[in-house]
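Coordinates from query.csv are shown below (CSV, all heavy atoms).
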chain,number,residue,atom,x,y,z
A,1,MET,N,-232.4,13.4,42.3
A,1,MET,CA,-231.2,13.2,43.0
A,1,MET,C,-231.3,13.6,44.4
A,1,MET,O,-231.8,14.6,44.8
A,1,MET,CB,-230.1,14.0,42.3
A,1,MET,CG,-228.7,13.9,42.9
A,1,MET,SD,-227.5,15.0,42.2
A,1,MET,CE,-227.3,14.2,40.6
A,2,GLU,N,-230.8,12.7,45.3
A,2,GLU,CA,-230.8,13.0,46.7
A,2,GLU,C,-229.7,13.9,47.1
A,2,GLU,O,-228.6,13.9,46.6
A,2,GLU,CB,-230.6,11.6,47.5
A,2,GLU,CG,-231.6,10.6,47.1
A,2,GLU,CD,-232.6,10.4,48.2
A,2,GLU,OE1,-232.4,10.9,49.3
A,2,GLU,OE2,-233.7,9.8,47.9
A,3,PRO,N,-229.9,14.8,48.1
A,3,PRO,CA,-228.8,15.7,48.6
A,3,PRO,C,-227.8,14.9,49.3
A,3,PRO,O,-228.0,13.8,49.8
A,3,PRO,CB,-229.6,16.6,49.6
A,3,PRO,CG,-230.8,15.9,49.9
A,3,PRO,CD,-231.2,15.0,48.8
A,4,VAL,N,-226.6,15.4,49.4
A,4,VAL,CA,-225.5,14.7,50.1
A,4,VAL,C,-225.8,14.8,51.6
A,4,VAL,O,-226.1,15.9,52.1
A,4,VAL,CB,-224.1,15.4,49.8
A,4,VAL,CG1,-223.0,14.8,50.6
A,4,VAL,CG2,-223.8,15.4,48.3
A,5,PRO,N,-225.7,13.7,52.3
A,5,PRO,CA,-225.9,13.7,53.7
A,5,PRO,C,-224.9,14.5,54.4
A,5,PRO,O,-223.7,14.7,54.0
A,5,PRO,CB,-225.8,12.2,54.2
A,5,PRO,CG,-225.4,11.5,53.0
A,5,PRO,CD,-225.4,12.4,51.8
A,6,GLU,N,-225.2,15.1,55.5
A,6,GLU,CA,-224.3,16.0,56.3
A,6,GLU,C,-223.8,15.4,57.6
A,6,GLU,O,-223.1,16.0,58.3
A,6,GLU,CB,-225.0,17.3,56.6
A,6,GLU,CG,-225.4,18.2,55.4
A,6,GLU,CD,-224.1,18.9,54.8
A,6,GLU,OE1,-223.1,19.1,55.5
A,6,GLU,OE2,-224.2,19.2,53.6
A,7,ASP,N,-224.1,14.1,57.8
A,7,ASP,CA,-223.7,13.4,59.0
A,7,ASP,C,-222.3,12.7,59.0
A,7,ASP,O,-222.2,11.6,59.5
A,7,ASP,CB,-224.8,12.5,59.5
A,7,ASP,CG,-225.0,11.4,58.5
A,7,ASP,OD1,-224.6,11.5,57.3
A,7,ASP,OD2,-225.6,10.4,58.8
A,8,TRP,N,-221.4,13.3,58.3
A,8,TRP,CA,-220.0,12.8,58.2
A,8,TRP,C,-219.0,13.7,58.9
A,8,TRP,O,-219.3,14.9,59.1
A,8,TRP,CB,-219.7,12.5,56.8
A,8,TRP,CG,-219.8,13.7,55.9
A,8,TRP,CD1,-220.9,14.1,55.2
A,8,TRP,CD2,-218.8,14.6,55.6
A,8,TRP,NE1,-220.7,15.2,54.5
A,8,TRP,CE2,-219.4,15.6,54.7
A,8,TRP,CE3,-217.5,14.8,55.9
A,8,TRP,CZ2,-218.7,16.7,54.2
A,8,TRP,CZ3,-216.8,15.9,55.4
A,8,TRP,CH2,-217.4,16.8,54.6
A,9,GLU,N,-217.8,13.2,59.2
A,9,GLU,CA,-216.8,14.0,59.9
A,9,GLU,C,-215.6,14.3,59.1
A,9,GLU,O,-214.9,15.3,59.3
A,9,GLU,CB,-216.4,13.3,61.2
A,9,GLU,CG,-217.6,13.2,62.2
A,9,GLU,CD,-217.1,12.5,63.4
A,9,GLU,OE1,-215.9,12.3,63.7
A,9,GLU,OE2,-218.0,12.1,64.2
A,10,ARG,N,-215.2,13.3,58.2
A,10,ARG,CA,-213.9,13.5,57.4
A,10,ARG,C,-214.2,13.2,56.0
A,10,ARG,O,-215.0,12.4,55.6
A,10,ARG,CB,-212.9,12.4,58.0
A,10,ARG,CG,-212.5,12.8,59.4
A,10,ARG,CD,-211.5,11.7,59.9
A,10,ARG,NE,-212.3,10.5,60.1
A,10,ARG,CZ,-211.8,9.4,60.5
A,10,ARG,NH1,-210.5,9.3,60.7
A,10,ARG,NH2,-212.5,8.3,60.6
A,11,ALA,N,-213.4,13.9,55.1
A,11,ALA,CA,-213.5,13.7,53.7
A,11,ALA,C,-212.1,13.7,53.1
A,11,ALA,O,-211.2,14.3,53.6
A,11,ALA,CB,-214.3,14.8,53.0
A,12,LEU,N,-211.9,13.1,51.9
A,12,LEU,CA,-210.7,13.1,51.1
A,12,LEU,C,-211.1,13.6,49.8
A,12,LEU,O,-211.9,13.0,49.0
A,12,LEU,CB,-210.1,11.7,51.1
A,12,LEU,CG,-208.9,11.6,50.1
A,12,LEU,CD1,-207.7,12.5,50.6
A,12,LEU,CD2,-208.4,10.1,50.1
A,13,ALA,N,-210.5,14.8,49.4
A,13,ALA,CA,-210.7,15.3,48.0
A,13,ALA,C,-209.5,15.0,47.2
A,13,ALA,O,-208.4,15.5,47.4
A,13,ALA,CB,-210.9,16.8,48.1
A,14,ILE,N,-209.7,14.2,46.1
A,14,ILE,CA,-208.6,13.8,45.2
A,14,ILE,C,-208.8,14.5,43.9
A,14,ILE,O,-209.8,14.4,43.3
A,14,ILE,CB,-208.6,12.3,45.0
A,14,ILE,CG1,-208.5,11.6,46.4
A,14,ILE,CG2,-207.5,11.8,44.1
A,14,ILE,CD1,-208.7,10.1,46.3
A,15,VAL,N,-207.7,15.2,43.4
A,15,VAL,CA,-207.7,15.8,42.2
A,15,VAL,C,-206.5,15.6,41.4
A,15,VAL,O,-205.4,15.2,41.9
A,15,VAL,CB,-207.9,17.4,42.3
A,15,VAL,CG1,-209.3,17.7,42.9
A,15,VAL,CG2,-206.8,18.0,43.1
A,16,ALA,N,-206.5,15.8,40.1
A,16,ALA,CA,-205.4,15.6,39.2
A,16,ALA,C,-204.5,16.8,39.0
A,16,ALA,O,-203.3,16.7,38.7
A,16,ALA,CB,-205.8,15.0,37.9
A,17,HIS,N,-205.1,18.0,39.1
A,17,HIS,CA,-204.3,19.2,38.7
A,17,HIS,C,-204.4,20.2,39.9
A,17,HIS,O,-205.4,20.3,40.6
A,17,HIS,CB,-204.9,19.8,37.5
A,17,HIS,CG,-205.0,18.9,36.3
A,17,HIS,ND1,-206.1,18.3,35.9
A,17,HIS,CD2,-204.0,18.4,35.5
A,17,HIS,CE1,-205.9,17.5,34.9
A,17,HIS,NE2,-204.6,17.5,34.7
A,18,PRO,N,-203.4,21.0,40.1
A,18,PRO,CA,-203.3,21.9,41.3
A,18,PRO,C,-204.5,22.9,41.4
A,18,PRO,O,-204.9,23.2,42.5
A,18,PRO,CB,-202.0,22.7,41.1
A,18,PRO,CG,-201.2,21.8,40.2
A,18,PRO,CD,-202.1,21.0,39.3
A,19,ASP,N,-205.1,23.3,40.3
A,19,ASP,CA,-206.2,24.3,40.3
A,19,ASP,C,-207.6,23.6,40.4
A,19,ASP,O,-208.6,24.3,40.5
A,19,ASP,CB,-206.1,25.3,39.2
A,19,ASP,CG,-206.2,24.7,37.8
A,19,ASP,OD1,-206.2,23.4,37.7
A,19,ASP,OD2,-206.3,25.4,36.9
A,20,ASP,N,-207.6,22.3,40.3
A,20,ASP,CA,-208.9,21.6,40.3
A,20,ASP,C,-209.7,21.9,41.6
A,20,ASP,O,-210.9,22.1,41.5
A,20,ASP,CB,-208.8,20.1,40.1
A,20,ASP,CG,-208.4,19.8,38.7
A,20,ASP,OD1,-208.4,20.7,37.8
A,20,ASP,OD2,-208.0,18.6,38.5
A,21,LEU,N,-209.1,21.9,42.7
A,21,LEU,CA,-209.8,22.2,44.0
A,21,LEU,C,-210.2,23.6,44.0
A,21,LEU,O,-211.4,23.9,44.5
A,21,LEU,CB,-208.9,21.9,45.2
A,21,LEU,CG,-208.7,20.4,45.5
A,21,LEU,CD1,-207.5,20.2,46.5
A,21,LEU,CD2,-209.9,19.8,46.0
A,22,GLU,N,-209.4,24.5,43.6
A,22,GLU,CA,-209.8,26.0,43.6
A,22,GLU,C,-211.0,26.2,42.7
A,22,GLU,O,-211.9,27.0,43.1
A,22,GLU,CB,-208.6,26.9,43.2
A,22,GLU,CG,-207.6,27.0,44.3
A,22,GLU,CD,-206.6,25.8,44.2
A,22,GLU,OE1,-206.7,24.9,43.3
A,22,GLU,OE2,-205.7,25.8,45.1
A,23,TYR,N,-211.0,25.6,41.6
A,23,TYR,CA,-212.1,25.9,40.6
A,23,TYR,C,-213.3,24.9,40.7
A,23,TYR,O,-214.4,25.2,40.3
A,23,TYR,CB,-211.6,26.0,39.2
A,23,TYR,CG,-210.7,27.1,38.9
A,23,TYR,CD1,-209.3,27.0,38.9
A,23,TYR,CD2,-211.2,28.4,38.8
A,23,TYR,CE1,-208.5,28.1,38.7
A,23,TYR,CE2,-210.4,29.5,38.5
A,23,TYR,CZ,-209.1,29.3,38.5
A,23,TYR,OH,-208.2,30.4,38.3
A,24,GLY,N,-213.0,23.8,41.3
A,24,GLY,CA,-214.1,22.7,41.3
A,24,GLY,C,-214.9,22.6,42.5
A,24,GLY,O,-216.1,22.4,42.5
A,25,CYS,N,-214.2,22.7,43.7
A,25,CYS,CA,-215.0,22.5,44.9
A,25,CYS,C,-214.6,23.3,46.1
A,25,CYS,O,-214.8,22.9,47.3
A,25,CYS,CB,-214.9,21.0,45.2
A,25,CYS,SG,-213.3,20.4,45.5
A,26,SER,N,-213.9,24.4,45.9
A,26,SER,CA,-213.5,25.2,47.0
A,26,SER,C,-214.6,25.7,47.9
A,26,SER,O,-214.5,25.8,49.1
A,26,SER,CB,-212.6,26.4,46.5
A,26,SER,OG,-213.4,27.2,45.6
A,27,ALA,N,-215.7,26.1,47.3
A,27,ALA,CA,-216.9,26.6,48.1
A,27,ALA,C,-217.4,25.5,49.0
A,27,ALA,O,-217.7,25.7,50.2
A,27,ALA,CB,-218.0,27.1,47.2
A,28,ALA,N,-217.5,24.3,48.5
A,28,ALA,CA,-218.0,23.1,49.3
A,28,ALA,C,-217.0,22.9,50.5
A,28,ALA,O,-217.4,22.7,51.6
A,28,ALA,CB,-218.2,21.9,48.5
A,29,ILE,N,-215.7,22.8,50.2
A,29,ILE,CA,-214.7,22.6,51.2
A,29,ILE,C,-214.7,23.7,52.2
A,29,ILE,O,-214.6,23.4,53.4
A,29,ILE,CB,-213.3,22.4,50.5
A,29,ILE,CG1,-213.3,21.1,49.7
A,29,ILE,CG2,-212.2,22.4,51.6
A,29,ILE,CD1,-212.0,20.9,49.0
A,30,ALA,N,-214.8,24.9,51.8
A,30,ALA,CA,-214.9,26.0,52.8
A,30,ALA,C,-216.1,25.9,53.7
A,30,ALA,O,-216.0,26.1,54.9
A,30,ALA,CB,-215.0,27.4,52.0
A,31,LYS,N,-217.3,25.5,53.1
A,31,LYS,CA,-218.5,25.3,53.9
A,31,LYS,C,-218.2,24.1,54.9
A,31,LYS,O,-218.6,24.3,56.1
A,31,LYS,CB,-219.6,24.9,53.0
A,31,LYS,CG,-220.9,24.6,53.8
A,31,LYS,CD,-222.0,24.1,52.8
A,31,LYS,CE,-223.2,23.5,53.6
A,31,LYS,NZ,-224.1,22.8,52.7
A,32,TRP,N,-217.7,23.0,54.5
A,32,TRP,CA,-217.5,21.9,55.3
A,32,TRP,C,-216.5,22.2,56.5
A,32,TRP,O,-216.8,21.8,57.6
A,32,TRP,CB,-217.0,20.7,54.5
A,32,TRP,CG,-218.0,20.2,53.5
A,32,TRP,CD1,-219.4,20.3,53.6
A,32,TRP,CD2,-217.8,19.6,52.3
A,32,TRP,NE1,-220.0,19.8,52.5
A,32,TRP,CE2,-219.0,19.3,51.7
A,32,TRP,CE3,-216.6,19.2,51.6
A,32,TRP,CZ2,-219.1,18.6,50.4
A,32,TRP,CZ3,-216.7,18.5,50.4
A,32,TRP,CH2,-217.9,18.3,49.8
A,33,THR,N,-215.4,22.8,56.1
A,33,THR,CA,-214.4,23.1,57.2
A,33,THR,C,-215.0,24.1,58.2
A,33,THR,O,-214.6,24.1,59.4
A,33,THR,CB,-213.1,23.6,56.6
A,33,THR,OG1,-213.3,24.7,55.8
A,33,THR,CG2,-212.4,22.5,55.8
A,34,SER,N,-215.8,25.1,57.7
A,34,SER,CA,-216.4,26.0,58.7
A,34,SER,C,-217.4,25.3,59.6
A,34,SER,O,-217.7,25.8,60.7
A,34,SER,CB,-217.1,27.1,57.9
A,34,SER,OG,-218.3,26.7,57.3
A,35,GLN,N,-217.9,24.1,59.2
A,35,GLN,CA,-218.8,23.3,60.0
A,35,GLN,C,-218.0,22.4,61.0
A,35,GLN,O,-218.6,21.7,61.7
A,35,GLN,CB,-219.7,22.5,59.2
A,35,GLN,CG,-220.7,23.3,58.4
A,35,GLN,CD,-221.5,22.4,57.4
A,35,GLN,OE1,-221.1,21.3,57.0
A,35,GLN,NE2,-222.6,22.9,56.9
A,36,GLY,N,-216.7,22.5,60.9
A,36,GLY,CA,-215.8,21.7,61.7
A,36,GLY,C,-215.5,20.3,61.2
A,36,GLY,O,-214.8,19.5,61.8
A,37,LYS,N,-215.8,20.1,59.9
A,37,LYS,CA,-215.4,18.8,59.3
A,37,LYS,C,-213.9,18.8,58.9
A,37,LYS,O,-213.4,19.9,58.6
A,37,LYS,CB,-216.3,18.5,58.1
A,37,LYS,CG,-217.8,18.4,58.4
A,37,LYS,CD,-218.6,18.2,57.3
A,37,LYS,CE,-220.1,18.2,57.5
A,37,LYS,NZ,-220.6,17.4,58.6
A,38,HIS,N,-213.3,17.7,58.9
A,38,HIS,CA,-211.9,17.6,58.5
A,38,HIS,C,-211.8,17.1,57.1
A,38,HIS,O,-212.2,16.0,56.7
A,38,HIS,CB,-211.2,16.6,59.4
A,38,HIS,CG,-209.8,16.4,59.2
A,38,HIS,ND1,-208.8,17.3,59.7
A,38,HIS,CD2,-209.1,15.5,58.6
A,38,HIS,CE1,-207.6,16.9,59.3
A,38,HIS,NE2,-207.7,15.8,58.6
A,39,VAL,N,-211.2,18.0,56.2
A,39,VAL,CA,-211.1,17.7,54.8
A,39,VAL,C,-209.6,17.7,54.4
A,39,VAL,O,-208.9,18.6,54.7
A,39,VAL,CB,-211.8,18.7,53.9
A,39,VAL,CG1,-211.6,18.4,52.4
A,39,VAL,CG2,-213.3,18.8,54.3
A,40,VAL,N,-209.1,16.6,53.8
A,40,VAL,CA,-207.8,16.4,53.4
A,40,VAL,C,-207.8,16.5,51.8
A,40,VAL,O,-208.6,15.9,51.2
A,40,VAL,CB,-207.2,15.1,53.8
A,40,VAL,CG1,-205.8,14.8,53.2
A,40,VAL,CG2,-207.1,15.0,55.3
A,41,GLU,N,-206.8,17.2,51.3
A,41,GLU,CA,-206.7,17.4,49.8
A,41,GLU,C,-205.5,16.6,49.3
A,41,GLU,O,-204.4,16.7,49.9
A,41,GLU,CB,-206.6,18.8,49.5
A,41,GLU,CG,-207.8,19.7,49.9
A,41,GLU,CD,-207.6,21.1,49.7
A,41,GLU,OE1,-206.4,21.6,49.3
A,41,GLU,OE2,-208.5,21.9,50.0
A,42,LEU,N,-205.7,15.7,48.3
A,42,LEU,CA,-204.7,14.9,47.7
A,42,LEU,C,-204.5,15.3,46.2
A,42,LEU,O,-205.4,15.2,45.4
A,42,LEU,CB,-205.0,13.4,47.8
A,42,LEU,CG,-204.1,12.5,47.1
A,42,LEU,CD1,-202.7,12.5,47.7
A,42,LEU,CD2,-204.6,11.1,47.1
A,43,LEU,N,-203.3,15.8,45.9
A,43,LEU,CA,-203.0,16.1,44.5
A,43,LEU,C,-202.3,14.9,43.9
A,43,LEU,O,-201.3,14.5,44.3
A,43,LEU,CB,-202.1,17.3,44.5
A,43,LEU,CG,-201.6,17.8,43.1
A,43,LEU,CD1,-202.8,18.2,42.2
A,43,LEU,CD2,-200.7,19.0,43.3
A,44,ALA,N,-202.9,14.3,42.8
A,44,ALA,CA,-202.4,13.1,42.2
A,44,ALA,C,-201.3,13.2,41.2
A,44,ALA,O,-200.8,12.2,40.7
A,44,ALA,CB,-203.6,12.3,41.6
A,45,THR,N,-200.9,14.5,40.8
A,45,THR,CA,-199.9,14.7,39.9
A,45,THR,C,-199.0,15.8,40.5
A,45,THR,O,-199.3,16.4,41.4
A,45,THR,CB,-200.4,15.1,38.5
A,45,THR,OG1,-201.0,16.4,38.6
A,45,THR,CG2,-201.4,14.1,37.9
A,46,ARG,N,-197.9,16.1,39.7
A,46,ARG,CA,-197.0,17.2,40.1
A,46,ARG,C,-197.6,18.5,39.5
A,46,ARG,O,-197.0,19.5,39.8
A,46,ARG,CB,-195.6,17.0,39.6
A,46,ARG,CG,-194.9,15.8,40.4
A,46,ARG,CD,-193.5,15.7,39.9
A,46,ARG,NE,-193.6,15.4,38.4
A,46,ARG,CZ,-192.5,15.1,37.7
A,46,ARG,NH1,-191.4,14.9,38.2
A,46,ARG,NH2,-192.7,14.9,36.4
A,47,GLY,N,-198.6,18.4,38.7
A,47,GLY,CA,-199.2,19.6,38.1
A,47,GLY,C,-198.4,20.1,36.9
A,47,GLY,O,-198.6,21.2,36.4
A,48,GLU,N,-197.6,19.2,36.3
A,48,GLU,CA,-196.7,19.7,35.2
A,48,GLU,C,-197.4,19.7,33.8
A,48,GLU,O,-197.0,20.3,32.9
A,48,GLU,CB,-195.5,18.8,35.1
A,48,GLU,CG,-195.8,17.3,34.6
A,48,GLU,CD,-196.3,16.4,35.7
A,48,GLU,OE1,-196.5,16.8,36.8
A,48,GLU,OE2,-196.5,15.2,35.3
A,49,ALA,N,-198.6,19.0,33.7
A,49,ALA,CA,-199.3,19.0,32.4
A,49,ALA,C,-199.7,20.4,31.9
A,49,ALA,O,-200.2,21.2,32.7
A,49,ALA,CB,-200.5,18.1,32.5
A,50,GLY,N,-199.4,20.7,30.7
A,50,GLY,CA,-199.7,21.9,30.1
A,50,GLY,C,-198.7,23.0,30.3
A,50,GLY,O,-198.9,24.2,29.9
A,51,ILE,N,-197.6,22.7,31.0
A,51,ILE,CA,-196.6,23.8,31.2
A,51,ILE,C,-195.5,23.6,30.1
A,51,ILE,O,-194.8,22.5,30.1
A,51,ILE,CB,-195.9,23.7,32.6
A,51,ILE,CG1,-197.0,23.9,33.7
A,51,ILE,CG2,-194.8,24.7,32.8
A,51,ILE,CD1,-196.6,23.7,35.1
A,52,ASP,N,-195.3,24.6,29.3
A,52,ASP,CA,-194.2,24.6,28.3
A,52,ASP,C,-192.9,24.4,28.9
A,52,ASP,O,-192.6,25.0,29.9
A,52,ASP,CB,-194.3,25.9,27.4
A,52,ASP,CG,-195.5,26.0,26.6
A,52,ASP,OD1,-196.1,24.9,26.2
A,52,ASP,OD2,-195.8,27.1,26.2
A,53,GLY,N,-192.1,23.6,28.3
A,53,GLY,CA,-190.7,23.3,28.8
A,53,GLY,C,-190.6,22.2,29.8
A,53,GLY,O,-189.5,21.9,30.2
A,54,MET,N,-191.7,21.6,30.2
A,54,MET,CA,-191.7,20.5,31.2
A,54,MET,C,-192.1,19.2,30.4
A,54,MET,O,-193.1,19.2,29.7
A,54,MET,CB,-192.6,20.7,32.4
A,54,MET,CG,-192.1,21.8,33.3
A,54,MET,SD,-193.1,21.9,34.8
A,54,MET,CE,-192.3,20.5,35.7
A,55,ALA,N,-191.4,18.2,30.6
A,55,ALA,CA,-191.7,16.9,29.9
A,55,ALA,C,-193.0,16.3,30.5
A,55,ALA,O,-193.3,16.5,31.6
A,55,ALA,CB,-190.5,15.9,30.1
Entire entry expressed as structure tokens:
Amino acid sequence: MEPVPEDWERALAIVAHPDDLEYGCSAAIAKWTSQGKHVVELLATRGEAGIDGMA
């Protein structure tokens, strides 16, 4: 497997659940933003799945 190239400037991180970014790729996003890269996070749901009392 080839390493991810580092010659990019912007990224879009798309996840389905609110905690996916925190548990899935927060270290990578922290590294990239500390290098000056622009990362936008997109949450694809309201995060209601698995919460008792919400349809």
Using all atoms listed in the file, which residue out of A:Ser26, A:Val15, A:Asp20, A:Asp7 lies closest to Leu42 (chain A)? A:Val15
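When all atoms listed in the file are used to compute distances to Glu22 (chain A), the closest of the residues A:Arg10, A:Glu41, A:Ser34, A:Gly47 turns out to be A:Glu41.
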Please identify which residues in region 1-50 of chain A DSSP calls strand (DSSP E or B) from the backbone, and express them as a tab-separated table (two decimals) with all heavy atoms, in the frame of the given file.
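Below is the file that was written, states-v3.tsv:
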chain	number	residue	atom	x	y	z
A	10	ARG	N	-215.20	13.30	58.20
A	10	ARG	CA	-213.90	13.50	57.40
A	10	ARG	C	-214.20	13.20	56.00
A	10	ARG	O	-215.00	12.40	55.60
A	10	ARG	CB	-212.90	12.40	58.00
A	10	ARG	CG	-212.50	12.80	59.40
A	10	ARG	CD	-211.50	11.70	59.90
A	10	ARG	NE	-212.30	10.50	60.10
A	10	ARG	CZ	-211.80	9.40	60.50
A	10	ARG	NH1	-210.50	9.30	60.70
A	10	ARG	NH2	-212.50	8.30	60.60
A	11	ALA	N	-213.40	13.90	55.10
A	11	ALA	CA	-213.50	13.70	53.70
A	11	ALA	C	-212.10	13.70	53.10
A	11	ALA	O	-211.20	14.30	53.60
A	11	ALA	CB	-214.30	14.80	53.00
A	12	LEU	N	-211.90	13.10	51.90
A	12	LEU	CA	-210.70	13.10	51.10
A	12	LEU	C	-211.10	13.60	49.80
A	12	LEU	O	-211.90	13.00	49.00
A	12	LEU	CB	-210.10	11.70	51.10
A	12	LEU	CG	-208.90	11.60	50.10
A	12	LEU	CD1	-207.70	12.50	50.60
A	12	LEU	CD2	-208.40	10.10	50.10
A	13	ALA	N	-210.50	14.80	49.40
A	13	ALA	CA	-210.70	15.30	48.00
A	13	ALA	C	-209.50	15.00	47.20
A	13	ALA	O	-208.40	15.50	47.40
A	13	ALA	CB	-210.90	16.80	48.10
A	14	ILE	N	-209.70	14.20	46.10
A	14	ILE	CA	-208.60	13.80	45.20
A	14	ILE	C	-208.80	14.50	43.90
A	14	ILE	O	-209.80	14.40	43.30
A	14	ILE	CB	-208.60	12.30	45.00
A	14	ILE	CG1	-208.50	11.60	46.40
A	14	ILE	CG2	-207.50	11.80	44.10
A	14	ILE	CD1	-208.70	10.10	46.30
A	15	VAL	N	-207.70	15.20	43.40
A	15	VAL	CA	-207.70	15.80	42.20
A	15	VAL	C	-206.50	15.60	41.40
A	15	VAL	O	-205.40	15.20	41.90
A	15	VAL	CB	-207.90	17.40	42.30
A	15	VAL	CG1	-209.30	17.70	42.90
A	15	VAL	CG2	-206.80	18.00	43.10
A	38	HIS	N	-213.30	17.70	58.90
A	38	HIS	CA	-211.90	17.60	58.50
A	38	HIS	C	-211.80	17.10	57.10
A	38	HIS	O	-212.20	16.00	56.70
A	38	HIS	CB	-211.20	16.60	59.40
A	38	HIS	CG	-209.80	16.40	59.20
A	38	HIS	ND1	-208.80	17.30	59.70
A	38	HIS	CD2	-209.10	15.50	58.60
A	38	HIS	CE1	-207.60	16.90	59.30
A	38	HIS	NE2	-207.70	15.80	58.60
A	39	VAL	N	-211.20	18.00	56.20
A	39	VAL	CA	-211.10	17.70	54.80
A	39	VAL	C	-209.60	17.70	54.40
A	39	VAL	O	-208.90	18.60	54.70
A	39	VAL	CB	-211.80	18.70	53.90
A	39	VAL	CG1	-211.60	18.40	52.40
A	39	VAL	CG2	-213.30	18.80	54.30
A	40	VAL	N	-209.10	16.60	53.80
A	40	VAL	CA	-207.80	16.40	53.40
A	40	VAL	C	-207.80	16.50	51.80
A	40	VAL	O	-208.60	15.90	51.20
A	40	VAL	CB	-207.20	15.10	53.80
A	40	VAL	CG1	-205.80	14.80	53.20
A	40	VAL	CG2	-207.10	15.00	55.30
A	41	GLU	N	-206.80	17.20	51.30
A	41	GLU	CA	-206.70	17.40	49.80
A	41	GLU	C	-205.50	16.60	49.30
A	41	GLU	O	-204.40	16.70	49.90
A	41	GLU	CB	-206.60	18.80	49.50
A	41	GLU	CG	-207.80	19.70	49.90
A	41	GLU	CD	-207.60	21.10	49.70
A	41	GLU	OE1	-206.40	21.60	49.30
A	41	GLU	OE2	-208.50	21.90	50.00
A	42	LEU	N	-205.70	15.70	48.30
A	42	LEU	CA	-204.70	14.90	47.70
A	42	LEU	C	-204.50	15.30	46.20
A	42	LEU	O	-205.40	15.20	45.40
A	42	LEU	CB	-205.00	13.40	47.80
A	42	LEU	CG	-204.10	12.50	47.10
A	42	LEU	CD1	-202.70	12.50	47.70
A	42	LEU	CD2	-204.60	11.10	47.10
A	43	LEU	N	-203.30	15.80	45.90
A	43	LEU	CA	-203.00	16.10	44.50
A	43	LEU	C	-202.30	14.90	43.90
A	43	LEU	O	-201.30	14.50	44.30
A	43	LEU	CB	-202.10	17.30	44.50
A	43	LEU	CG	-201.60	17.80	43.10
A	43	LEU	CD1	-202.80	18.20	42.20
A	43	LEU	CD2	-200.70	19.00	43.30
Pick from A:Val4, A:Ala44, A:Ala13, A:Lys37 nearest to Cys25 (chain A), counting only C-alpha atoms: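 Using only C-alpha atoms, Cys25 (chain A) sits closest to A:Ala13.
From CA of Trp8 (chain A) back to CA of Gly36 (chain A), the distance works out to 10.4 Å.
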Interatomic distance between CA of Pro5 (chain A) and CA of His17 (chain A)? 26.9 Å
Point-to-point distance from atom C of Leu21 (chain A) to CD of Glu2 (chain A), Å rounded to tenths: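 If I compute the distance from atom C of Leu21 (chain A) to CD of Glu2 (chain A), I get 26.3 Å.
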Please report, as a PyMOL selection string, each residue of chain A to which DSSP assigns helix (DSSP H, G or I) when run on this structure's backbone. chain A and resi 20-24+26-34
A:Ala16, A:Ala11, A:Met1, A:Ala27 ranked by distance to Val40 (chain A), top pick (using all atoms listed in the file):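 Ranked by minimum distance to Val40 (chain A), first place goes to A:Ala11.
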